[in-house]
>>> print(open('model_28.tsv').read())   # TSV, C-alpha atoms
chain	number	residue	atom	x	y	z
A	1	MET	CA	0.00	0.00	0.00
A	2	THR	CA	1.42	3.43	-0.92
A	3	PRO	CA	1.79	6.09	1.81
A	4	ASP	CA	-0.88	8.16	0.07
A	5	LEU	CA	-3.39	5.38	0.32
A	6	GLN	CA	-2.32	4.68	3.90
A	7	ALA	CA	-3.16	8.27	4.73
A	8	LEU	CA	-6.66	7.65	3.47
A	9	ALA	CA	-6.96	4.55	5.60
A	10	THR	CA	-6.07	6.47	8.75
A	11	LEU	CA	-8.69	9.16	8.25
A	12	ASP	CA	-10.73	9.87	11.36
A	13	ARG	CA	-13.97	7.95	10.76
A	14	ILE	CA	-15.83	9.92	13.38
A	15	ILE	CA	-15.26	13.14	11.42
A	16	HIS	CA	-15.34	11.58	7.96
A	17	GLU	CA	-19.09	10.89	8.04
A	18	PRO	CA	-20.70	13.72	5.95
A	19	ALA	CA	-23.21	14.95	8.53
A	20	ARG	CA	-20.59	15.02	11.30
A	21	LEU	CA	-18.13	16.70	8.94
A	22	MET	CA	-20.71	19.44	8.41
A	23	ILE	CA	-21.18	19.86	12.15
A	24	MET	CA	-17.44	19.92	12.79
A	25	THR	CA	-16.91	22.43	9.98
A	26	ILE	CA	-19.49	24.81	11.39
A	27	LEU	CA	-18.29	24.48	14.97
A	28	TYR	CA	-14.69	24.96	13.83
A	29	ALA	CA	-15.71	28.29	12.28
A	30	VAL	CA	-17.53	29.65	15.34
A	31	THR	CA	-16.88	29.93	19.06
A	32	GLU	CA	-20.14	28.18	19.96
A	33	ALA	CA	-23.55	27.59	18.46
A	34	ASP	CA	-26.84	26.24	19.70
A	35	PHE	CA	-28.77	23.21	18.49
A	36	LEU	CA	-31.22	25.23	16.38
A	37	TYR	CA	-28.47	27.13	14.59
A	38	LEU	CA	-26.66	23.87	13.76
A	39	GLN	CA	-29.89	22.30	12.56
A	40	ARG	CA	-30.64	25.20	10.23
A	41	GLU	CA	-27.11	25.29	8.85
A	42	CYS	CA	-26.79	21.54	8.32
A	43	GLY	CA	-30.35	20.87	7.19
A	44	LEU	CA	-30.55	17.78	9.42
A	45	THR	CA	-33.58	16.58	11.34
A	46	GLN	CA	-33.55	17.06	15.10
A	47	GLY	CA	-33.12	13.35	15.79
A	48	ASN	CA	-30.35	12.99	13.25
A	49	LEU	CA	-28.49	16.00	14.57
A	50	SER	CA	-28.91	14.75	18.13
A	51	SER	CA	-27.43	11.36	17.37
A	52	HIS	CA	-24.46	12.81	15.47
A	53	LEU	CA	-23.78	15.30	18.24
A	54	ALA	CA	-23.92	12.48	20.76
A	55	LYS	CA	-21.28	10.57	18.80
A	56	LEU	CA	-19.05	13.62	18.55
A	57	GLU	CA	-19.49	14.26	22.26
A	58	GLU	CA	-18.69	10.64	23.04
A	59	ALA	CA	-15.48	10.96	21.00
A	60	GLY	CA	-14.56	14.04	23.04
A	61	TYR	CA	-14.69	16.33	20.01
A	62	VAL	CA	-17.71	18.40	20.99
A	63	ALA	CA	-18.77	19.83	24.34
A	64	ILE	CA	-22.51	20.18	24.88
A	65	SER	CA	-24.03	22.22	27.66
A	66	LYS	CA	-27.59	23.18	28.50
A	67	THR	CA	-28.02	26.77	29.50
A	68	PHE	CA	-30.50	29.62	29.50
A	69	LYS	CA	-30.45	32.91	27.64
A	70	GLY	CA	-33.08	34.86	29.49
A	71	LYS	CA	-35.80	32.25	30.00
A	72	TYR	CA	-35.13	30.48	26.71
A	73	PRO	CA	-33.28	27.15	27.10
A	74	LEU	CA	-30.33	26.65	24.78
A	75	THR	CA	-28.27	23.59	23.96
A	76	ILE	CA	-24.87	25.10	23.33
A	77	CYS	CA	-22.30	23.13	21.35
A	78	SER	CA	-18.64	23.93	20.88
A	79	LEU	CA	-15.52	22.14	19.73
A	80	THR	CA	-13.19	20.90	22.43
A	81	LYS	CA	-9.43	21.33	22.10
A	82	ASN	CA	-9.25	17.68	21.02
A	83	GLY	CA	-12.00	18.25	18.48
A	84	ARG	CA	-10.26	21.26	17.00
A	85	GLU	CA	-6.97	19.38	16.72
A	86	ALA	CA	-8.70	16.35	15.23
A	87	PHE	CA	-10.47	18.48	12.63
A	88	GLU	CA	-7.23	20.23	11.68
A	89	ALA	CA	-5.46	16.86	11.42
A	90	TYR	CA	-8.30	15.57	9.24
A	91	VAL	CA	-8.08	18.56	6.88
A	92	ARG	CA	-4.27	18.27	6.74
A	93	LYS	CA	-4.55	14.60	5.86
A	94	MET	CA	-7.07	15.31	3.11
A	95	GLN	CA	-4.85	18.05	1.73
A	96	TYR	CA	-1.87	15.69	1.77
A	97	VAL	CA	-3.81	13.07	-0.13
A	98	ALA	CA	-5.11	15.67	-2.56
A	99	GLY	CA	-1.59	17.00	-3.12
A	100	ALA	CA	-0.26	13.50	-3.71
A	101	THR	CA	-2.90	12.76	-6.34
A	102	GLY	CA	-2.27	15.87	-8.45
A	103	ASN	CA	-5.00	18.36	-9.12
A	104	GLY	CA	-7.65	15.68	-8.82
A	105	THR	CA	-9.69	16.83	-11.75
A	106	ASN	CA	-9.45	13.48	-13.55
A	107	HIS	CA	-12.45	11.58	-12.23
B	1	MET	CA	-11.97	14.33	-7.02
B	2	ILE	CA	-10.36	14.31	-3.60
B	3	SER	CA	-8.79	17.64	-4.32
B	4	LEU	CA	-12.18	19.02	-5.15
B	5	PHE	CA	-13.53	17.65	-1.88
B	6	SER	CA	-10.65	19.13	0.10
B	7	SER	CA	-11.02	22.60	-1.41
B	8	SER	CA	-14.78	22.53	-1.00
B	9	ALA	CA	-14.35	21.58	2.67
B	10	ALA	CA	-12.02	24.56	3.13
B	11	SER	CA	-14.43	26.93	1.41
B	12	ALA	CA	-17.31	25.44	3.41
B	13	ALA	CA	-15.45	26.33	6.62
B	14	GLU	CA	-14.91	29.87	5.35
B	15	SER	CA	-18.53	30.07	4.26
B	16	ALA	CA	-19.71	28.80	7.67
B	17	LYS	CA	-17.63	31.45	9.38
B	18	ARG	CA	-18.99	34.14	7.09
B	19	ARG	CA	-22.61	33.07	7.62
B	20	ALA	CA	-22.11	32.95	11.38
B	21	PHE	CA	-20.55	36.39	11.31
B	22	GLU	CA	-23.47	37.77	9.34
B	23	ASN	CA	-25.84	36.16	11.84
B	24	ILE	CA	-24.74	38.36	14.74
B	25	ASP	CA	-27.60	40.80	14.28
B	26	PRO	CA	-30.03	39.17	11.83
B	27	ALA	CA	-33.11	40.92	13.21
B	28	GLY	CA	-31.63	44.41	13.25
B	29	LEU	CA	-32.15	44.70	17.02
B	30	THR	CA	-28.67	46.06	17.68
B	31	ARG	CA	-29.20	48.73	15.03
B	32	ILE	CA	-32.52	49.71	16.58
B	33	PHE	CA	-30.93	49.93	20.03
B	34	ALA	CA	-27.93	51.89	18.80
B	35	GLY	CA	-30.26	54.23	16.88
B	36	ALA	CA	-32.44	54.78	19.94
B	37	ALA	CA	-29.34	55.55	22.00
B	38	TYR	CA	-28.15	58.05	19.38
B	39	VAL	CA	-31.53	59.79	19.44
B	40	LEU	CA	-31.57	59.80	23.23
B	41	TYR	CA	-28.03	61.11	23.52
B	42	GLY	CA	-28.69	63.79	20.92
B	43	LEU	CA	-31.87	65.00	22.57
B	44	VAL	CA	-30.36	64.88	26.06
B	45	PHE	CA	-27.38	66.96	25.05
B	46	ALA	CA	-29.36	69.47	23.05
B	47	LEU	CA	-31.87	69.91	25.87
B	48	LEU	CA	-29.30	69.96	28.66
B	49	TRP	CA	-27.26	72.66	27.06
B	50	ARG	CA	-30.29	74.63	26.05
B	51	PHE	CA	-32.04	74.68	29.42
B	52	HIS	CA	-29.27	73.94	31.92
B	53	PRO	CA	-26.14	75.86	30.94
B	54	PRO	CA	-24.36	74.97	34.23
B	55	LEU	CA	-24.17	71.36	33.01
B	56	SER	CA	-21.80	72.52	30.30
B	57	THR	CA	-19.13	73.00	32.96
B	58	PRO	CA	-16.47	70.27	33.20
B	59	LYS	CA	-18.06	68.89	36.40
B	60	GLY	CA	-21.52	68.73	34.86
B	61	LEU	CA	-20.07	67.20	31.73
B	62	LEU	CA	-18.37	64.49	33.78
B	63	VAL	CA	-21.68	63.54	35.46
B	64	VAL	CA	-23.42	63.31	32.09
B	65	LEU	CA	-20.60	61.23	30.61
B	66	LEU	CA	-20.66	58.80	33.53
B	67	ALA	CA	-24.40	58.39	33.02
B	68	LEU	CA	-23.82	57.74	29.34
B	69	VAL	CA	-21.19	55.10	30.09
B	70	ALA	CA	-23.57	53.37	32.52
B	71	MET	CA	-26.41	53.22	29.99
B	72	PRO	CA	-24.88	50.54	27.73
B	73	TYR	CA	-24.87	48.04	30.63
B	74	CYS	CA	-28.65	48.32	30.96
B	75	GLY	CA	-29.07	48.36	27.18
B	76	GLU	CA	-27.00	45.24	26.66
B	77	LYS	CA	-29.06	43.27	29.18
B	78	LEU	CA	-32.28	44.39	27.54
B	79	LEU	CA	-30.92	43.55	24.11
B	80	GLU	CA	-29.90	40.05	25.23
B	81	TRP	CA	-33.36	39.52	26.72
B	82	LEU	CA	-35.00	40.53	23.43
B	83	LYS	CA	-32.66	38.34	21.40
B	84	ALA	CA	-33.54	35.36	23.59
B	85	ARG	CA	-37.24	35.92	23.01
B	86	ILE	CA	-37.08	36.77	19.31
B	87	VAL	CA	-33.88	35.65	17.58
B	88	TYR	CA	-32.76	32.47	19.36
B	89	ARG	CA	-36.20	30.90	18.94
B	90	ARG	CA	-36.14	31.50	15.20
B	91	THR	CA	-32.63	31.28	13.82
B	92	GLY	CA	-30.68	30.02	16.81
B	93	TYR	CA	-27.73	31.31	18.77
B	94	VAL	CA	-24.19	31.53	17.48
B	95	ALA	CA	-21.10	33.23	18.88
B	96	VAL	CA	-18.10	34.04	16.72
B	97	ALA	CA	-14.60	35.23	17.43
B	98	VAL	CA	-13.99	38.97	17.23
B	99	ALA	CA	-11.76	38.67	14.14
B	100	ALA	CA	-13.83	38.94	10.97
B	101	PRO	CA	-13.36	36.54	8.05
B	102	ALA	CA	-11.65	37.91	4.94
B	103	GLY	CA	-13.73	40.44	3.08
B	104	LEU	CA	-16.02	41.33	5.98
B	105	PRO	CA	-15.64	44.36	8.24
B	106	ALA	CA	-14.78	43.68	11.88
B	107	GLN	CA	-17.89	43.71	14.02
B	108	PRO	CA	-17.40	45.87	17.10
B	109	SER	CA	-18.96	44.54	20.27
B	110	PHE	CA	-22.09	46.14	21.67
B	111	TYR	CA	-20.17	47.73	24.53
B	112	ARG	CA	-17.34	48.92	22.30
B	113	THR	CA	-19.83	50.58	19.98
B	114	PHE	CA	-21.23	52.59	22.85
B	115	ILE	CA	-17.80	53.46	24.18
B	116	LEU	CA	-16.88	54.81	20.75
B	117	MET	CA	-20.11	56.78	20.70
B	118	VAL	CA	-19.46	58.20	24.16
B	119	ALA	CA	-15.90	59.04	23.11
B	120	PHE	CA	-17.29	60.93	20.13
B	121	VAL	CA	-19.74	62.75	22.39
B	122	ALA	CA	-16.93	63.61	24.82
B	123	VAL	CA	-14.68	64.95	22.07
B	124	ALA	CA	-17.48	67.00	20.50
B	125	ALA	CA	-18.60	68.28	23.91
B	126	GLY	CA	-15.02	69.21	24.76
B	127	LEU	CA	-14.73	71.09	21.52
B	128	PHE	CA	-18.01	72.78	22.29
B	129	LEU	CA	-16.51	74.18	25.47
B	130	PHE	CA	-13.55	75.65	23.65
B	131	LEU	CA	-14.64	76.43	20.15
B	132	SER	CA	-17.13	78.85	18.73
B	133	ASP	CA	-20.51	78.05	17.22
B	134	SER	CA	-19.06	78.16	13.73
B	135	SER	CA	-17.31	74.79	14.05
B	136	LYS	CA	-19.46	73.06	11.46
B	137	TRP	CA	-16.51	71.09	10.18
B	138	ILE	CA	-16.81	68.78	13.19
B	139	PHE	CA	-20.15	67.57	11.89
B	140	LEU	CA	-18.92	67.25	8.33
B	141	PHE	CA	-16.08	65.10	9.61
B	142	ALA	CA	-18.39	63.02	11.83
B	143	GLY	CA	-20.89	62.64	8.98
B	144	GLY	CA	-18.12	61.47	6.66
B	145	GLN	CA	-17.01	58.98	9.28
B	146	ALA	CA	-20.57	57.71	9.67
B	147	ILE	CA	-20.92	57.28	5.89
B	148	ALA	CA	-17.59	55.42	5.74
B	149	ASN	CA	-18.64	53.09	8.58
B	150	SER	CA	-22.00	52.45	6.97
B	151	TYR	CA	-20.37	51.74	3.62
B	152	ARG	CA	-18.03	49.21	5.24
B	153	SER	CA	-20.83	47.34	7.00
B	154	ALA	CA	-23.41	47.48	4.18
B	155	PRO	CA	-21.85	48.64	0.89
B	156	GLY	CA	-25.02	48.14	-1.15
B	157	ASN	CA	-27.34	50.13	1.10
B	158	TRP	CA	-27.27	53.40	-0.87
B	159	ILE	CA	-30.49	54.70	0.65
B	160	LYS	CA	-28.91	54.55	4.11
B	161	LEU	CA	-25.77	56.29	2.86
B	162	LEU	CA	-27.84	59.05	1.25
B	163	ALA	CA	-29.91	59.41	4.41
B	164	ILE	CA	-26.77	59.89	6.53
B	165	LEU	CA	-25.47	62.41	4.00
B	166	GLY	CA	-28.80	64.23	4.16
B	167	VAL	CA	-28.74	64.33	7.96
B	168	THR	CA	-25.16	65.65	7.94
B	169	LEU	CA	-25.88	68.41	5.43
B	170	PHE	CA	-29.13	69.30	7.19
B	171	ALA	CA	-27.32	69.65	10.52
B	172	VAL	CA	-24.50	71.68	9.00
B	173	LEU	CA	-26.52	74.04	6.82
B	174	LEU	CA	-29.16	75.05	9.38
B	175	ASN	CA	-28.45	78.27	11.23
B	176	ILE	CA	-28.67	76.93	14.81
B	177	THR	CA	-26.50	76.76	17.91
B	178	PHE	CA	-23.82	74.12	18.36
B	179	ALA	CA	-25.86	72.25	20.98
B	180	GLU	CA	-28.93	72.14	18.74
B	181	ARG	CA	-26.81	71.11	15.77
B	182	PHE	CA	-25.22	68.38	17.86
B	183	GLY	CA	-28.61	67.13	19.03
B	184	LEU	CA	-30.04	67.23	15.52
B	185	PHE	CA	-27.06	65.40	14.06
B	186	LEU	CA	-27.05	62.58	16.62
B	187	SER	CA	-30.84	62.24	16.56
B	188	GLY	CA	-30.83	62.16	12.76
B	189	LEU	CA	-28.19	59.45	12.64
B	190	GLY	CA	-30.13	57.52	15.30
B	191	THR	CA	-33.34	57.77	13.30
B	192	VAL	CA	-31.60	56.40	10.21
B	193	LYS	CA	-30.29	53.48	12.29
B	194	ILE	CA	-33.71	52.81	13.79
B	195	ILE	CA	-35.40	52.76	10.37
B	196	ASP	CA	-32.67	50.52	8.97
B	197	GLY	CA	-32.97	48.14	11.93
B	198	ALA	CA	-36.77	48.20	11.88
B	199	ILE	CA	-36.85	47.18	8.21
B	200	ALA	CA	-34.41	44.34	8.94
B	201	PHE	CA	-36.53	43.34	11.96
B	202	VAL	CA	-39.80	43.16	10.00
B	203	LEU	CA	-38.18	41.19	7.17
B	204	TYR	CA	-36.59	38.84	9.70
B	205	LEU	CA	-39.88	38.13	11.45
B	206	ARG	CA	-41.62	37.49	8.14
B	207	ARG	CA	-38.93	35.10	6.89
B	208	ASN	CA	-38.27	33.21	10.13
B	209	PRO	CA	-41.15	31.64	12.04
B	210	VAL	CA	-40.51	30.29	15.54
B	211	ALA	CA	-38.86	26.88	15.32
B	212	ARG	CA	-40.44	23.90	17.06
B	213	MET	CA	-37.94	21.90	19.08
B	214	SER	CA	-38.95	18.53	20.44
B	215	GLU	CA	-36.20	15.95	20.12
B	216	GLU	CA	-33.28	17.71	21.76
>>> encode(input="model_28.tsv", output="structure tokens")
Amino acid sequence: MTPDLQALATLDRIIHEPARLMIMTILYAVTEADFLYLQRECGLTQGNLSSHLAKLEEAGYVAISKTFKGKYPLTICSLTKNGREAFEAYVRKMQYVAGATGNGTNH
Amino acid sequence: MISLFSSSAASAAESAKRRAFENIDPAGLTRIFAGAAYVLYGLVFALLWRFHPPLSTPKGLLVVLLALVAMPYCGEKLLEWLKARIVYRRTGYVAVAVAAPAGLPAQPSFYRTFILMVAFVAVAAGLFLFLSDSSKWIFLFAGGQAIANSYRSAPGNWIKLLAILGVTLFAVLLNITFAERFGLFLSGLGTVKIIDGAIAFVLYLRRNPVARMSEE
């Protein structure tokens, strides 16, 4: 197996799933966001978003806290330090693979 | 193919940051609050100097400035309360870092905006104590600054830019005292902000019904 392909094999599967990649991408770009904001941005159902967030929380990538803004309850999500590092490592790995395969326009 | 995926992931992150940054004041509430504060400050100063000349002494000025600095604290709490009732139930809550993504102007915090406003008031009031009534250039400069700020935050909003220009020229060309000119200028700018924010608020309410959350 070539090193390029090995890089693909070691991709973080928790992040690699499309819905979770969306969540991680949004949370990487912001300081914190609530459940509703994530749902609107990702276009996921509430149940789907809940289950993906639970997996990310279980992996230690996302911190979830319940809080109140005024009297309105909010489920605030943010990337942990581990999550941020994992996301950056994931992007680096993808860029490495992309660089190793040329411009990638030949499908 | 992978390269395409990688670059689209990078642009998606940038896009997410941009959208979050633009979502700081989607309902125009901050603009309405800032506008109301401008109007209030303008009227207070014009009236104070018109009817209570002793307040234009340095001691009186200090008391007024302290009151103006204290106001943002109350305003920020009220704004957060309104956001919780109106914005977070419709489009959710998001917090972004202070640094703006490329191509977008930096968004000053609520408190910083008011501090800048108070600083402007202090400088203008200080000048009022030392300069004559003919110092119209102060308002031309301030109007130019307001137009530049507005252009940075909303380049396509020509009606707003023209309105600020109109307010500036109106305040400069009228034959009134400095205090009245100052009050008119601030109140005019505040009114423009309120109208701008109110339009954004109405559009926001029409486009974003309250979300139903059940499975969190």
>>> atom_distance(input="model_28.tsv", atom1="atom CA of Ile15 of chain A", atom2="atom CA of Phe87 of chain A")
7.3 Å
>>> residues_near_point(input="model_28.tsv", point="(-21.5, 56.7, 5.6)", cutoff="12 Å", atoms="only C-alpha atoms", output="number ranges by chain")
B: 140-168, 189, 192-193
>>> interface_residues(input="model_28.tsv", of="chain A", to="chain B", cutoff="9 Å", atoms="all atoms listed in the file", output="PyMOL selection string")
chain A and resi 21-22+25-41+46-47+49-50+68-76+91+94-95+97-99+101-107
>>> atom_distance(input="model_28.tsv", atom1="atom CA of Ser187 of chain B", atom2="atom CA of Ile199 of chain B")
18.2 Å
>>> closest_residue(input="model_28.tsv", among="A:Asn48, A:Met24, A:Glu88, A:Cys42", to="Tyr61 of chain A", atoms="only C-alpha atoms")
A:Met24
>>> closest_residue(input="model_28.tsv", among="A:Gly43, A:Glu85, A:Tyr96, A:Gly60", to="Ile23 of chain A", atoms="all atoms listed in the file")
A:Gly43
>>> atom_distance(input="model_28.tsv", atom1="atom CA of Glu57 of chain A", atom2="atom CA of His16 of chain A")
15.1 Å
>>> residues_around(input="model_28.tsv", residues="segment 25-40 of chain B", least_positions_apart="2", cutoff="7 Å", atoms="all atoms listed in the file", output="list in words")
Asn23, Gly42, Leu43, Val44, Val87, Leu186, Ser187, Leu189, Gly190, Thr191, Lys193, Ile194, Gly197, Ala198, Ala200, Phe201 and Tyr204 of chain B
>>> closest_residue(input="model_28.tsv", among="A:Leu56, A:Thr45, A:Ala7, A:Lys66", to="Ala89 of chain A", atoms="only C-alpha atoms")
A:Ala7
